[in-house]
file run21.txt (compact mmCIF, N, CA and C atoms)
# COMPACT_ATOMS: atom_id res chain seq x y z
N MET A 277 235.59 127.38 163.89
CA MET A 277 234.14 127.36 163.98
C MET A 277 233.68 128.81 164.08
N ILE A 278 232.47 129.06 163.57
CA ILE A 278 231.95 130.42 163.53
C ILE A 278 230.46 130.39 163.86
N ALA A 279 229.94 131.49 164.41
CA ALA A 279 228.52 131.54 164.79
C ALA A 279 227.86 132.80 164.26
N THR A 280 226.61 132.67 163.87
CA THR A 280 225.80 133.83 163.50
C THR A 280 224.72 134.08 164.54
N ARG A 281 224.55 133.13 165.44
CA ARG A 281 223.64 133.26 166.58
C ARG A 281 224.25 132.40 167.68
N VAL A 282 223.79 132.60 168.90
CA VAL A 282 224.34 131.81 170.00
C VAL A 282 223.22 131.46 170.97
N ALA A 283 223.27 130.24 171.50
CA ALA A 283 222.28 129.79 172.48
C ALA A 283 222.42 130.60 173.76
N ALA A 284 221.32 130.74 174.46
CA ALA A 284 221.30 131.45 175.73
C ALA A 284 222.05 130.65 176.80
N PRO A 285 222.47 131.32 177.86
CA PRO A 285 223.09 130.59 178.98
C PRO A 285 222.12 129.56 179.56
N ILE A 286 222.65 128.53 180.16
CA ILE A 286 221.84 127.51 180.81
C ILE A 286 221.16 128.09 182.04
N GLN A 287 221.90 128.89 182.80
CA GLN A 287 221.34 129.53 183.99
C GLN A 287 222.03 130.86 184.22
N PRO A 288 221.36 131.78 184.91
CA PRO A 288 221.99 133.07 185.21
C PRO A 288 223.17 132.85 186.14
N ARG A 289 224.26 133.52 185.86
CA ARG A 289 225.47 133.39 186.70
C ARG A 289 226.07 134.76 186.91
N ASP A 290 226.80 134.87 187.99
CA ASP A 290 227.58 136.08 188.24
C ASP A 290 228.96 135.88 187.65
N PHE A 291 229.23 136.58 186.56
CA PHE A 291 230.54 136.52 185.94
C PHE A 291 231.40 137.64 186.50
N GLU A 292 232.68 137.37 186.62
CA GLU A 292 233.63 138.39 187.04
C GLU A 292 234.42 138.85 185.82
N ARG A 293 234.53 140.15 185.63
CA ARG A 293 235.38 140.67 184.57
C ARG A 293 236.82 140.51 185.06
N LEU A 294 237.63 139.79 184.30
CA LEU A 294 239.01 139.50 184.71
C LEU A 294 239.93 140.59 184.18
N ASP A 295 240.73 141.16 185.07
CA ASP A 295 241.65 142.23 184.69
C ASP A 295 243.05 141.87 185.18
N ASP A 296 243.92 142.86 185.23
CA ASP A 296 245.32 142.60 185.61
C ASP A 296 245.43 141.96 186.99
N SER A 297 244.50 142.26 187.89
CA SER A 297 244.58 141.68 189.23
C SER A 297 244.27 140.18 189.23
N SER A 298 243.74 139.66 188.12
CA SER A 298 243.36 138.25 188.02
C SER A 298 244.37 137.41 187.23
N VAL A 299 245.44 138.02 186.74
CA VAL A 299 246.35 137.31 185.84
C VAL A 299 246.92 136.04 186.47
N GLN A 300 247.36 136.09 187.71
CA GLN A 300 247.94 134.89 188.33
C GLN A 300 246.90 133.78 188.44
N ASP A 301 245.67 134.14 188.79
CA ASP A 301 244.60 133.14 188.86
C ASP A 301 244.30 132.57 187.48
N MET A 302 244.36 133.40 186.45
CA MET A 302 244.12 132.94 185.08
C MET A 302 245.20 131.95 184.68
N LEU A 303 246.45 132.27 184.99
CA LEU A 303 247.56 131.38 184.64
C LEU A 303 247.46 130.05 185.39
N THR A 304 247.04 130.09 186.63
CA THR A 304 246.86 128.86 187.42
C THR A 304 245.78 127.99 186.80
N LEU A 305 244.67 128.60 186.38
CA LEU A 305 243.59 127.85 185.73
C LEU A 305 244.06 127.26 184.40
N VAL A 306 244.81 128.04 183.61
CA VAL A 306 245.33 127.55 182.33
C VAL A 306 246.25 126.35 182.56
N GLU A 307 247.07 126.41 183.58
CA GLU A 307 247.98 125.30 183.89
C GLU A 307 247.19 124.02 184.21
N ALA A 308 246.08 124.16 184.92
CA ALA A 308 245.29 123.00 185.32
C ALA A 308 244.43 122.46 184.18
N SER A 309 243.99 123.33 183.26
CA SER A 309 243.02 122.90 182.25
C SER A 309 243.57 122.79 180.83
N ARG A 310 244.71 123.41 180.55
CA ARG A 310 245.38 123.30 179.25
C ARG A 310 244.49 123.63 178.05
N PRO A 311 243.94 124.86 177.96
CA PRO A 311 243.07 125.20 176.84
C PRO A 311 243.81 125.50 175.54
N GLY A 312 245.11 125.66 175.60
CA GLY A 312 245.88 126.04 174.42
C GLY A 312 246.73 127.26 174.76
N PRO A 313 247.30 127.90 173.77
CA PRO A 313 248.20 129.02 174.02
C PRO A 313 247.54 130.13 174.84
N PHE A 314 248.26 130.59 175.85
CA PHE A 314 247.77 131.67 176.71
C PHE A 314 249.00 132.33 177.33
N SER A 315 249.01 133.66 177.32
CA SER A 315 250.17 134.36 177.87
C SER A 315 249.77 135.31 178.98
N VAL A 316 250.76 135.82 179.67
CA VAL A 316 250.56 136.72 180.80
C VAL A 316 249.74 137.94 180.41
N ARG A 317 249.86 138.40 179.19
CA ARG A 317 249.16 139.62 178.76
C ARG A 317 247.92 139.34 177.90
N ALA A 318 247.44 138.11 177.90
CA ALA A 318 246.28 137.76 177.07
C ALA A 318 245.05 138.59 177.42
N ASN A 319 244.89 138.95 178.68
CA ASN A 319 243.71 139.71 179.07
C ASN A 319 243.71 141.12 178.49
N LYS A 320 244.81 141.56 177.92
CA LYS A 320 244.88 142.87 177.27
C LYS A 320 244.27 142.85 175.88
N LEU A 321 244.02 141.66 175.33
CA LEU A 321 243.54 141.54 173.95
C LEU A 321 242.04 141.72 173.82
N GLY A 322 241.31 141.58 174.92
CA GLY A 322 239.86 141.71 174.88
C GLY A 322 239.27 141.44 176.24
N ASP A 323 237.96 141.41 176.30
CA ASP A 323 237.27 141.16 177.57
C ASP A 323 237.38 139.69 177.94
N TYR A 324 237.68 139.43 179.20
CA TYR A 324 237.70 138.07 179.75
C TYR A 324 236.73 138.01 180.91
N LEU A 325 235.96 136.94 180.95
CA LEU A 325 235.02 136.72 182.04
C LEU A 325 235.39 135.43 182.75
N GLY A 326 235.13 135.39 184.06
CA GLY A 326 235.44 134.20 184.83
C GLY A 326 234.36 133.89 185.84
N ILE A 327 234.43 132.69 186.37
CA ILE A 327 233.55 132.24 187.44
C ILE A 327 234.44 131.76 188.58
N ARG A 328 234.13 132.21 189.77
CA ARG A 328 234.86 131.78 190.97
C ARG A 328 233.95 130.95 191.87
N VAL A 329 234.55 129.97 192.51
CA VAL A 329 233.90 129.17 193.53
C VAL A 329 234.81 129.19 194.74
N ASP A 330 234.28 129.61 195.87
CA ASP A 330 235.06 129.73 197.11
C ASP A 330 236.33 130.54 196.90
N GLY A 331 236.24 131.58 196.09
CA GLY A 331 237.37 132.48 195.85
C GLY A 331 238.34 132.01 194.79
N HIS A 332 238.17 130.80 194.27
CA HIS A 332 239.09 130.27 193.26
C HIS A 332 238.49 130.42 191.86
N LEU A 333 239.29 130.90 190.91
CA LEU A 333 238.86 130.98 189.52
C LEU A 333 238.78 129.56 188.98
N ILE A 334 237.57 129.13 188.59
CA ILE A 334 237.39 127.74 188.14
C ILE A 334 236.99 127.64 186.68
N ALA A 335 236.64 128.78 186.06
CA ALA A 335 236.29 128.75 184.63
C ALA A 335 236.45 130.15 184.07
N MET A 336 236.81 130.23 182.77
CA MET A 336 236.95 131.53 182.13
C MET A 336 236.90 131.37 180.62
N THR A 337 236.69 132.47 179.95
CA THR A 337 236.88 132.60 178.51
C THR A 337 236.95 134.08 178.18
N GLY A 338 237.43 134.38 176.99
CA GLY A 338 237.55 135.78 176.61
C GLY A 338 237.74 135.95 175.12
N GLU A 339 238.15 137.15 174.77
CA GLU A 339 238.36 137.53 173.38
C GLU A 339 239.86 137.63 173.11
N ARG A 340 240.26 137.23 171.93
CA ARG A 340 241.68 137.33 171.58
C ARG A 340 241.81 138.05 170.24
N MET A 341 241.99 137.33 169.18
CA MET A 341 242.27 137.93 167.87
C MET A 341 241.05 138.66 167.34
N LYS A 342 241.28 139.85 166.81
CA LYS A 342 240.20 140.64 166.22
C LYS A 342 240.57 140.98 164.78
N LEU A 343 239.66 140.66 163.89
CA LEU A 343 239.77 141.00 162.47
C LEU A 343 238.54 141.84 162.15
N GLU A 344 238.59 142.59 161.10
CA GLU A 344 237.44 143.43 160.77
C GLU A 344 236.17 142.60 160.69
N GLY A 345 235.24 142.86 161.62
CA GLY A 345 233.96 142.17 161.63
C GLY A 345 233.95 140.84 162.36
N PHE A 346 235.07 140.42 162.92
CA PHE A 346 235.17 139.12 163.58
C PHE A 346 235.97 139.25 164.88
N THR A 347 235.60 138.47 165.89
CA THR A 347 236.37 138.39 167.13
C THR A 347 236.48 136.93 167.54
N GLU A 348 237.71 136.53 167.88
CA GLU A 348 237.96 135.16 168.31
C GLU A 348 237.61 134.97 169.79
N ILE A 349 236.89 133.91 170.08
CA ILE A 349 236.64 133.47 171.45
C ILE A 349 237.80 132.55 171.82
N SER A 350 238.43 132.82 172.96
CA SER A 350 239.66 132.11 173.29
C SER A 350 239.70 131.74 174.77
N ALA A 351 240.64 130.87 175.11
CA ALA A 351 240.91 130.46 176.49
C ALA A 351 239.65 129.93 177.17
N VAL A 352 238.89 129.13 176.45
CA VAL A 352 237.71 128.50 177.05
C VAL A 352 238.23 127.38 177.94
N CYS A 353 238.07 127.55 179.24
CA CYS A 353 238.60 126.50 180.12
C CYS A 353 237.83 126.43 181.44
N THR A 354 237.73 125.22 181.93
CA THR A 354 237.13 124.94 183.23
C THR A 354 238.07 124.00 183.97
N HIS A 355 238.31 124.29 185.23
CA HIS A 355 239.18 123.43 186.04
C HIS A 355 238.60 122.00 186.01
N PRO A 356 239.45 120.98 185.86
CA PRO A 356 238.96 119.60 185.76
C PRO A 356 238.03 119.19 186.91
N ASP A 357 238.22 119.74 188.09
CA ASP A 357 237.37 119.38 189.24
C ASP A 357 235.99 120.01 189.17
N HIS A 358 235.76 120.90 188.21
CA HIS A 358 234.49 121.63 188.14
C HIS A 358 233.78 121.47 186.79
N ARG A 359 234.18 120.50 186.00
CA ARG A 359 233.56 120.30 184.69
C ARG A 359 232.18 119.64 184.86
N GLY A 360 231.33 119.84 183.85
CA GLY A 360 230.01 119.22 183.86
C GLY A 360 228.92 120.05 184.50
N HIS A 361 229.20 121.32 184.80
CA HIS A 361 228.21 122.20 185.43
C HIS A 361 227.72 123.29 184.49
N GLY A 362 228.12 123.25 183.22
CA GLY A 362 227.66 124.24 182.26
C GLY A 362 228.41 125.56 182.30
N TYR A 363 229.52 125.62 183.03
CA TYR A 363 230.26 126.88 183.13
C TYR A 363 230.77 127.35 181.77
N ALA A 364 231.39 126.45 181.01
CA ALA A 364 231.93 126.83 179.69
C ALA A 364 230.80 127.26 178.77
N HIS A 365 229.69 126.55 178.78
CA HIS A 365 228.54 126.93 177.96
C HIS A 365 228.13 128.36 178.25
N ASP A 366 227.95 128.66 179.53
CA ASP A 366 227.44 129.98 179.90
C ASP A 366 228.45 131.09 179.62
N LEU A 367 229.72 130.82 179.85
CA LEU A 367 230.75 131.83 179.56
C LEU A 367 230.86 132.10 178.06
N VAL A 368 230.93 131.05 177.26
CA VAL A 368 231.03 131.23 175.81
C VAL A 368 229.77 131.92 175.30
N SER A 369 228.61 131.55 175.81
CA SER A 369 227.37 132.19 175.41
C SER A 369 227.43 133.69 175.68
N ALA A 370 227.87 134.08 176.86
CA ALA A 370 227.92 135.51 177.22
C ALA A 370 228.92 136.28 176.37
N VAL A 371 230.11 135.72 176.19
CA VAL A 371 231.14 136.42 175.41
C VAL A 371 230.74 136.48 173.94
N ALA A 372 230.24 135.38 173.39
CA ALA A 372 229.84 135.36 171.98
C ALA A 372 228.67 136.31 171.73
N GLN A 373 227.72 136.38 172.66
CA GLN A 373 226.59 137.29 172.48
C GLN A 373 227.05 138.74 172.50
N ALA A 374 228.03 139.07 173.35
CA ALA A 374 228.58 140.43 173.37
C ALA A 374 229.22 140.76 172.02
N VAL A 375 229.90 139.79 171.43
CA VAL A 375 230.51 139.99 170.11
C VAL A 375 229.41 140.23 169.07
N LEU A 376 228.37 139.40 169.07
CA LEU A 376 227.26 139.56 168.14
C LEU A 376 226.56 140.91 168.34
N ASP A 377 226.41 141.33 169.59
CA ASP A 377 225.75 142.60 169.88
C ASP A 377 226.53 143.79 169.32
N ARG A 378 227.83 143.62 169.12
CA ARG A 378 228.65 144.68 168.51
C ARG A 378 228.59 144.63 166.99
N GLY A 379 227.84 143.68 166.45
CA GLY A 379 227.73 143.55 165.00
C GLY A 379 228.87 142.76 164.39
N GLU A 380 229.59 142.01 165.21
CA GLU A 380 230.69 141.18 164.74
C GLU A 380 230.27 139.72 164.81
N ARG A 381 231.12 138.86 164.24
CA ARG A 381 230.87 137.43 164.29
C ARG A 381 231.91 136.75 165.16
N PRO A 382 231.46 135.95 166.13
CA PRO A 382 232.42 135.22 166.96
C PRO A 382 232.92 133.97 166.23
N PHE A 383 234.21 133.71 166.41
CA PHE A 383 234.78 132.47 165.87
C PHE A 383 235.74 131.91 166.90
N LEU A 384 236.09 130.65 166.73
CA LEU A 384 237.04 130.01 167.64
C LEU A 384 237.73 128.87 166.92
N HIS A 385 238.80 128.41 167.54
CA HIS A 385 239.55 127.28 167.02
C HIS A 385 239.42 126.13 168.01
N VAL A 386 239.37 124.92 167.50
CA VAL A 386 239.31 123.74 168.37
C VAL A 386 240.01 122.59 167.64
N PHE A 387 240.78 121.81 168.38
CA PHE A 387 241.42 120.64 167.77
C PHE A 387 240.35 119.62 167.40
N SER A 388 240.52 118.96 166.26
CA SER A 388 239.51 118.05 165.73
C SER A 388 239.28 116.82 166.62
N ASP A 389 240.22 116.49 167.50
CA ASP A 389 240.02 115.34 168.39
C ASP A 389 239.37 115.74 169.71
N ASN A 390 239.07 117.02 169.90
CA ASN A 390 238.41 117.49 171.12
C ASN A 390 236.90 117.45 170.91
N LEU A 391 236.37 116.23 170.86
CA LEU A 391 234.98 116.02 170.48
C LEU A 391 233.99 116.64 171.47
N SER A 392 234.33 116.64 172.76
CA SER A 392 233.40 117.23 173.73
C SER A 392 233.30 118.74 173.53
N ALA A 393 234.41 119.39 173.22
CA ALA A 393 234.38 120.84 172.97
C ALA A 393 233.61 121.13 171.68
N ILE A 394 233.83 120.35 170.65
CA ILE A 394 233.11 120.56 169.39
C ILE A 394 231.60 120.42 169.62
N ALA A 395 231.20 119.41 170.39
CA ALA A 395 229.78 119.21 170.68
C ALA A 395 229.22 120.41 171.45
N LEU A 396 229.97 120.92 172.41
CA LEU A 396 229.53 122.11 173.16
C LEU A 396 229.34 123.29 172.22
N TYR A 397 230.34 123.56 171.38
CA TYR A 397 230.27 124.71 170.49
C TYR A 397 229.12 124.57 169.50
N GLU A 398 228.86 123.35 169.03
CA GLU A 398 227.73 123.15 168.12
C GLU A 398 226.40 123.39 168.83
N ARG A 399 226.28 122.96 170.10
CA ARG A 399 225.06 123.23 170.87
C ARG A 399 224.86 124.73 171.05
N LEU A 400 225.95 125.46 171.13
CA LEU A 400 225.87 126.91 171.30
C LEU A 400 225.50 127.64 170.01
N GLY A 401 225.67 126.96 168.86
CA GLY A 401 225.34 127.59 167.58
C GLY A 401 226.52 127.79 166.65
N PHE A 402 227.71 127.35 167.04
CA PHE A 402 228.88 127.44 166.17
C PHE A 402 228.84 126.31 165.16
N ARG A 403 229.37 126.58 163.98
CA ARG A 403 229.47 125.58 162.92
C ARG A 403 230.90 125.57 162.38
N ILE A 404 231.34 124.40 161.95
CA ILE A 404 232.68 124.29 161.38
C ILE A 404 232.72 125.08 160.09
N ARG A 405 233.65 125.98 160.00
CA ARG A 405 233.81 126.79 158.78
C ARG A 405 234.92 126.26 157.91
N ARG A 406 236.00 125.86 158.54
CA ARG A 406 237.16 125.39 157.78
C ARG A 406 237.97 124.43 158.65
N THR A 407 238.53 123.42 158.01
CA THR A 407 239.45 122.51 158.68
C THR A 407 240.86 122.92 158.30
N MET A 408 241.70 123.04 159.30
CA MET A 408 243.10 123.44 159.06
C MET A 408 244.02 122.34 159.55
N HIS A 409 245.18 122.26 158.96
CA HIS A 409 246.21 121.35 159.41
C HIS A 409 247.30 122.18 160.05
N LEU A 410 247.71 121.78 161.24
CA LEU A 410 248.67 122.54 162.01
C LEU A 410 249.93 121.71 162.22
N THR A 411 251.06 122.32 161.98
CA THR A 411 252.34 121.69 162.23
C THR A 411 253.11 122.55 163.23
N VAL A 412 253.58 121.94 164.28
CA VAL A 412 254.34 122.66 165.30
C VAL A 412 255.81 122.35 165.10
N LEU A 413 256.59 123.38 164.94
CA LEU A 413 258.04 123.24 164.79
C LEU A 413 258.71 123.71 166.08
N ALA A 414 259.72 123.00 166.49
CA ALA A 414 260.46 123.39 167.70
C ALA A 414 261.93 123.15 167.47
N THR A 415 262.74 123.93 168.13
CA THR A 415 264.18 123.73 168.05
C THR A 415 264.61 122.71 169.09
N ASN A 416 265.70 122.02 168.82
CA ASN A 416 266.26 121.10 169.80
C ASN A 416 266.94 121.90 170.90
N PRO A 417 266.76 121.47 172.13
CA PRO A 417 267.38 122.21 173.25
C PRO A 417 268.90 122.15 173.23
call {"tool": "encode", "arguments": {"input": "run21.txt", "output": "structure tokens"}}
result
Amino acid sequence: MIATRVAAPIQPRDFERLDDSSVQDMLTLVEASRPGPFSVRANKLGDYLGIRVDGHLIAMTGERMKLEGFTEISAVCTHPDHRGHGYAHDLVSAVAQAVLDRGERPFLHVFSDNLSAIALYERLGFRIRRTMHLTVLATNP
């Protein structure tokens, strides 16, 4: 999915810029929410923003792959106990707007059966650009 404009945040929020000191919290959130591939050094690929509640990282998103004129929005995730509060909307809005402000286009990947995420991204202004078929190969243990 790709965007040429992005909807404003639902409400003003205090985002935390996530850096090396947040990696363990980021990994804990990824384990709980399963957004897709994420590694220990993912925060080195671009800016990551998060939201904390009572000191716990409960939502985040950031930038990953960069191509000339394009930046991927990645690791969009909210802890299952905190979904439904607009955190993902506001985080994706902020990160995507920063990409647009740099004169680039934000894009992201989403599995076709993740209908709630697709609906969120469409409300934000993303549109399906291309459908891809993915095959995962693994070796036998």
call {"tool": "select_by_dssp", "arguments": {"input": "run21.txt", "residues": "chain A", "states": "strand (DSSP E)", "output": "PyMOL selection string"}}
result
chain A and resi 278-279+292-293+324-329+332-343+346-354+381-383+402-403
call {"tool": "write_last_selection", "arguments": {"input": "run21.txt", "atoms": "N, CA and C atoms", "output": "short mmCIF file (atom, residue, chain, number, x, y, z; two decimals), in the frame of the given file"}}
result
data_model
loop_
_atom_site.label_atom_id
_atom_site.label_comp_id
_atom_site.auth_asym_id
_atom_site.auth_seq_id
_atom_site.Cartn_x
_atom_site.Cartn_y
_atom_site.Cartn_z
N ILE A 278 232.47 129.06 163.57
CA ILE A 278 231.95 130.42 163.53
C ILE A 278 230.46 130.39 163.86
N ALA A 279 229.94 131.49 164.41
CA ALA A 279 228.52 131.54 164.79
C ALA A 279 227.86 132.80 164.26
N GLU A 292 232.68 137.37 186.62
CA GLU A 292 233.63 138.39 187.04
C GLU A 292 234.42 138.85 185.82
N ARG A 293 234.53 140.15 185.63
CA ARG A 293 235.38 140.67 184.57
C ARG A 293 236.82 140.51 185.06
N TYR A 324 237.68 139.43 179.20
CA TYR A 324 237.70 138.07 179.75
C TYR A 324 236.73 138.01 180.91
N LEU A 325 235.96 136.94 180.95
CA LEU A 325 235.02 136.72 182.04
C LEU A 325 235.39 135.43 182.75
N GLY A 326 235.13 135.39 184.06
CA GLY A 326 235.44 134.20 184.83
C GLY A 326 234.36 133.89 185.84
N ILE A 327 234.43 132.69 186.37
CA ILE A 327 233.55 132.24 187.44
C ILE A 327 234.44 131.76 188.58
N ARG A 328 234.13 132.21 189.77
CA ARG A 328 234.86 131.78 190.97
C ARG A 328 233.95 130.95 191.87
N VAL A 329 234.55 129.97 192.51
CA VAL A 329 233.90 129.17 193.53
C VAL A 329 234.81 129.19 194.74
N HIS A 332 238.17 130.80 194.27
CA HIS A 332 239.09 130.27 193.26
C HIS A 332 238.49 130.42 191.86
N LEU A 333 239.29 130.90 190.91
CA LEU A 333 238.86 130.98 189.52
C LEU A 333 238.78 129.56 188.98
N ILE A 334 237.57 129.13 188.59
CA ILE A 334 237.39 127.74 188.14
C ILE A 334 236.99 127.64 186.68
N ALA A 335 236.64 128.78 186.06
CA ALA A 335 236.29 128.75 184.63
C ALA A 335 236.45 130.15 184.07
N MET A 336 236.81 130.23 182.77
CA MET A 336 236.95 131.53 182.13
C MET A 336 236.90 131.37 180.62
N THR A 337 236.69 132.47 179.95
CA THR A 337 236.88 132.60 178.51
C THR A 337 236.95 134.08 178.18
N GLY A 338 237.43 134.38 176.99
CA GLY A 338 237.55 135.78 176.61
C GLY A 338 237.74 135.95 175.12
N GLU A 339 238.15 137.15 174.77
CA GLU A 339 238.36 137.53 173.38
C GLU A 339 239.86 137.63 173.11
N ARG A 340 240.26 137.23 171.93
CA ARG A 340 241.68 137.33 171.58
C ARG A 340 241.81 138.05 170.24
N MET A 341 241.99 137.33 169.18
CA MET A 341 242.27 137.93 167.87
C MET A 341 241.05 138.66 167.34
N LYS A 342 241.28 139.85 166.81
CA LYS A 342 240.20 140.64 166.22
C LYS A 342 240.57 140.98 164.78
N LEU A 343 239.66 140.66 163.89
CA LEU A 343 239.77 141.00 162.47
C LEU A 343 238.54 141.84 162.15
N PHE A 346 235.07 140.42 162.92
CA PHE A 346 235.17 139.12 163.58
C PHE A 346 235.97 139.25 164.88
N THR A 347 235.60 138.47 165.89
CA THR A 347 236.37 138.39 167.13
C THR A 347 236.48 136.93 167.54
N GLU A 348 237.71 136.53 167.88
CA GLU A 348 237.96 135.16 168.31
C GLU A 348 237.61 134.97 169.79
N ILE A 349 236.89 133.91 170.08
CA ILE A 349 236.64 133.47 171.45
C ILE A 349 237.80 132.55 171.82
N SER A 350 238.43 132.82 172.96
CA SER A 350 239.66 132.11 173.29
C SER A 350 239.70 131.74 174.77
N ALA A 351 240.64 130.87 175.11
CA ALA A 351 240.91 130.46 176.49
C ALA A 351 239.65 129.93 177.17
N VAL A 352 238.89 129.13 176.45
CA VAL A 352 237.71 128.50 177.05
C VAL A 352 238.23 127.38 177.94
N CYS A 353 238.07 127.55 179.24
CA CYS A 353 238.60 126.50 180.12
C CYS A 353 237.83 126.43 181.44
N THR A 354 237.73 125.22 181.93
CA THR A 354 237.13 124.94 183.23
C THR A 354 238.07 124.00 183.97
N ARG A 381 231.12 138.86 164.24
CA ARG A 381 230.87 137.43 164.29
C ARG A 381 231.91 136.75 165.16
N PRO A 382 231.46 135.95 166.13
CA PRO A 382 232.42 135.22 166.96
C PRO A 382 232.92 133.97 166.23
N PHE A 383 234.21 133.71 166.41
CA PHE A 383 234.78 132.47 165.87
C PHE A 383 235.74 131.91 166.90
N PHE A 402 227.71 127.35 167.04
CA PHE A 402 228.88 127.44 166.17
C PHE A 402 228.84 126.31 165.16
N ARG A 403 229.37 126.58 163.98
CA ARG A 403 229.47 125.58 162.92
C ARG A 403 230.90 125.57 162.38
#
call {"tool": "atom_distance", "arguments": {"input": "run21.txt", "atom1": "atom C of Pro285 (chain A)", "atom2": "atom N of Ser388 (chain A)"}}
result
25.1 Å
call {"tool": "closest_residue", "arguments": {"input": "run21.txt", "among": "A:Asp301, A:Glu348, A:Glu398, A:Asp366", "to": "Ile334 (chain A)", "atoms": "only N, CA and C atoms"}}
result
A:Asp301
call {"tool": "closest_residue", "arguments": {"input": "run21.txt", "among": "A:Cys353, A:Leu343, A:Ala364, A:Ile278", "to": "Phe402 (chain A)", "atoms": "only N, CA and C atoms"}}
result
A:Ile278
call {"tool": "closest_residue", "arguments": {"input": "run21.txt", "among": "A:Leu391, A:Leu413, A:Leu294, A:Val375", "to": "Gly326 (chain A)", "atoms": "all atoms listed in the file"}}
result
A:Leu294
call {"tool": "residues_around", "arguments": {"input": "run21.txt", "residues": "Thr304 (chain A)", "least_positions_apart": "2", "cutoff": "12 Å", "atoms": "only C-alpha atoms", "output": "number ranges by chain"}}
result
A: 298-302, 306-311, 314-316, 332-336, 353-355
call {"tool": "closest_residue", "arguments": {"input": "run21.txt", "among": "A:Pro288, A:Asn416, A:Leu367, A:Ala318", "to": "Tyr397 (chain A)", "atoms": "only C-alpha atoms"}}
result
A:Leu367
call {"tool": "atom_distance", "arguments": {"input": "run21.txt", "atom1": "atom C of Asp330 (chain A)", "atom2": "CA of Glu292 (chain A)"}}
result
12.9 Å
call {"tool": "atom_distance", "arguments": {"input": "run21.txt", "atom1": "atom C of Met408 (chain A)", "atom2": "atom C of His365 (chain A)"}}
result
25.3 Å
call {"tool": "closest_residue", "arguments": {"input": "run21.txt", "among": "A:Arg340, A:Leu325, A:Ala283, A:Gly345", "to": "Arg378 (chain A)", "atoms": "only N, CA and C atoms"}}
result
A:Gly345
call {"tool": "residues_around", "arguments": {"input": "run21.txt", "residues": "Leu410 (chain A)", "least_positions_apart": "4", "cutoff": "12 Å", "atoms": "only C-alpha atoms", "output": "MDAnalysis selection string"}}
result
chainID A and resid 385:388
call {"tool": "write_last_selection", "arguments": {"input": "run21.txt", "atoms": "N, CA and C atoms", "output": "PDB file, in the coordinates of the input"}}
result
ATOM      1  N   HIS A 385     238.800 128.410 167.540  1.00  0.00           N
ATOM      2  CA  HIS A 385     239.550 127.280 167.020  1.00  0.00           C
ATOM      3  C   HIS A 385     239.420 126.130 168.010  1.00  0.00           C
ATOM      4  N   VAL A 386     239.370 124.920 167.500  1.00  0.00           N
ATOM      5  CA  VAL A 386     239.310 123.740 168.370  1.00  0.00           C
ATOM      6  C   VAL A 386     240.010 122.590 167.640  1.00  0.00           C
ATOM      7  N   PHE A 387     240.780 121.810 168.380  1.00  0.00           N
ATOM      8  CA  PHE A 387     241.420 120.640 167.770  1.00  0.00           C
ATOM      9  C   PHE A 387     240.350 119.620 167.400  1.00  0.00           C
ATOM     10  N   SER A 388     240.520 118.960 166.260  1.00  0.00           N
ATOM     11  CA  SER A 388     239.510 118.050 165.730  1.00  0.00           C
ATOM     12  C   SER A 388     239.280 116.820 166.620  1.00  0.00           C
TER      13      SER A 388
END
call {"tool": "residues_around", "arguments": {"input": "run21.txt", "residues": "Asp296 (chain A)", "least_positions_apart": "6", "cutoff": "12 Å", "atoms": "only C-alpha atoms", "output": "list in words"}}
result
Met302, Leu303, Val316, Arg317, Ala318, Asn319, Lys320, Leu321, Asp323 and Tyr324 of chain A
call {"tool": "select_by_dssp", "arguments": {"input": "run21.txt", "residues": "chain A", "states": "helix (DSSP H, G or I)", "output": "ChimeraX atom specification"}}
result
/A:296-309,318-320,356-358,363-377,391-400
call {"tool": "closest_residue", "arguments": {"input": "run21.txt", "among": "A:Gly322, A:Arg359, A:Val329, A:Phe383", "to": "Phe346 (chain A)", "atoms": "only N, CA and C atoms"}}
result
A:Phe383
call {"tool": "residues_around", "arguments": {"input": "run21.txt", "residues": "region 371-374 of chain A", "least_positions_apart": "3", "cutoff": "8 Å", "atoms": "only C-alpha atoms", "output": "list in words"}}
result
Arg281, Val282, Leu325, Thr337, Gly338, Glu339, Ile349, Leu367, Val368, Asp377, Arg378 and Pro382 of chain A
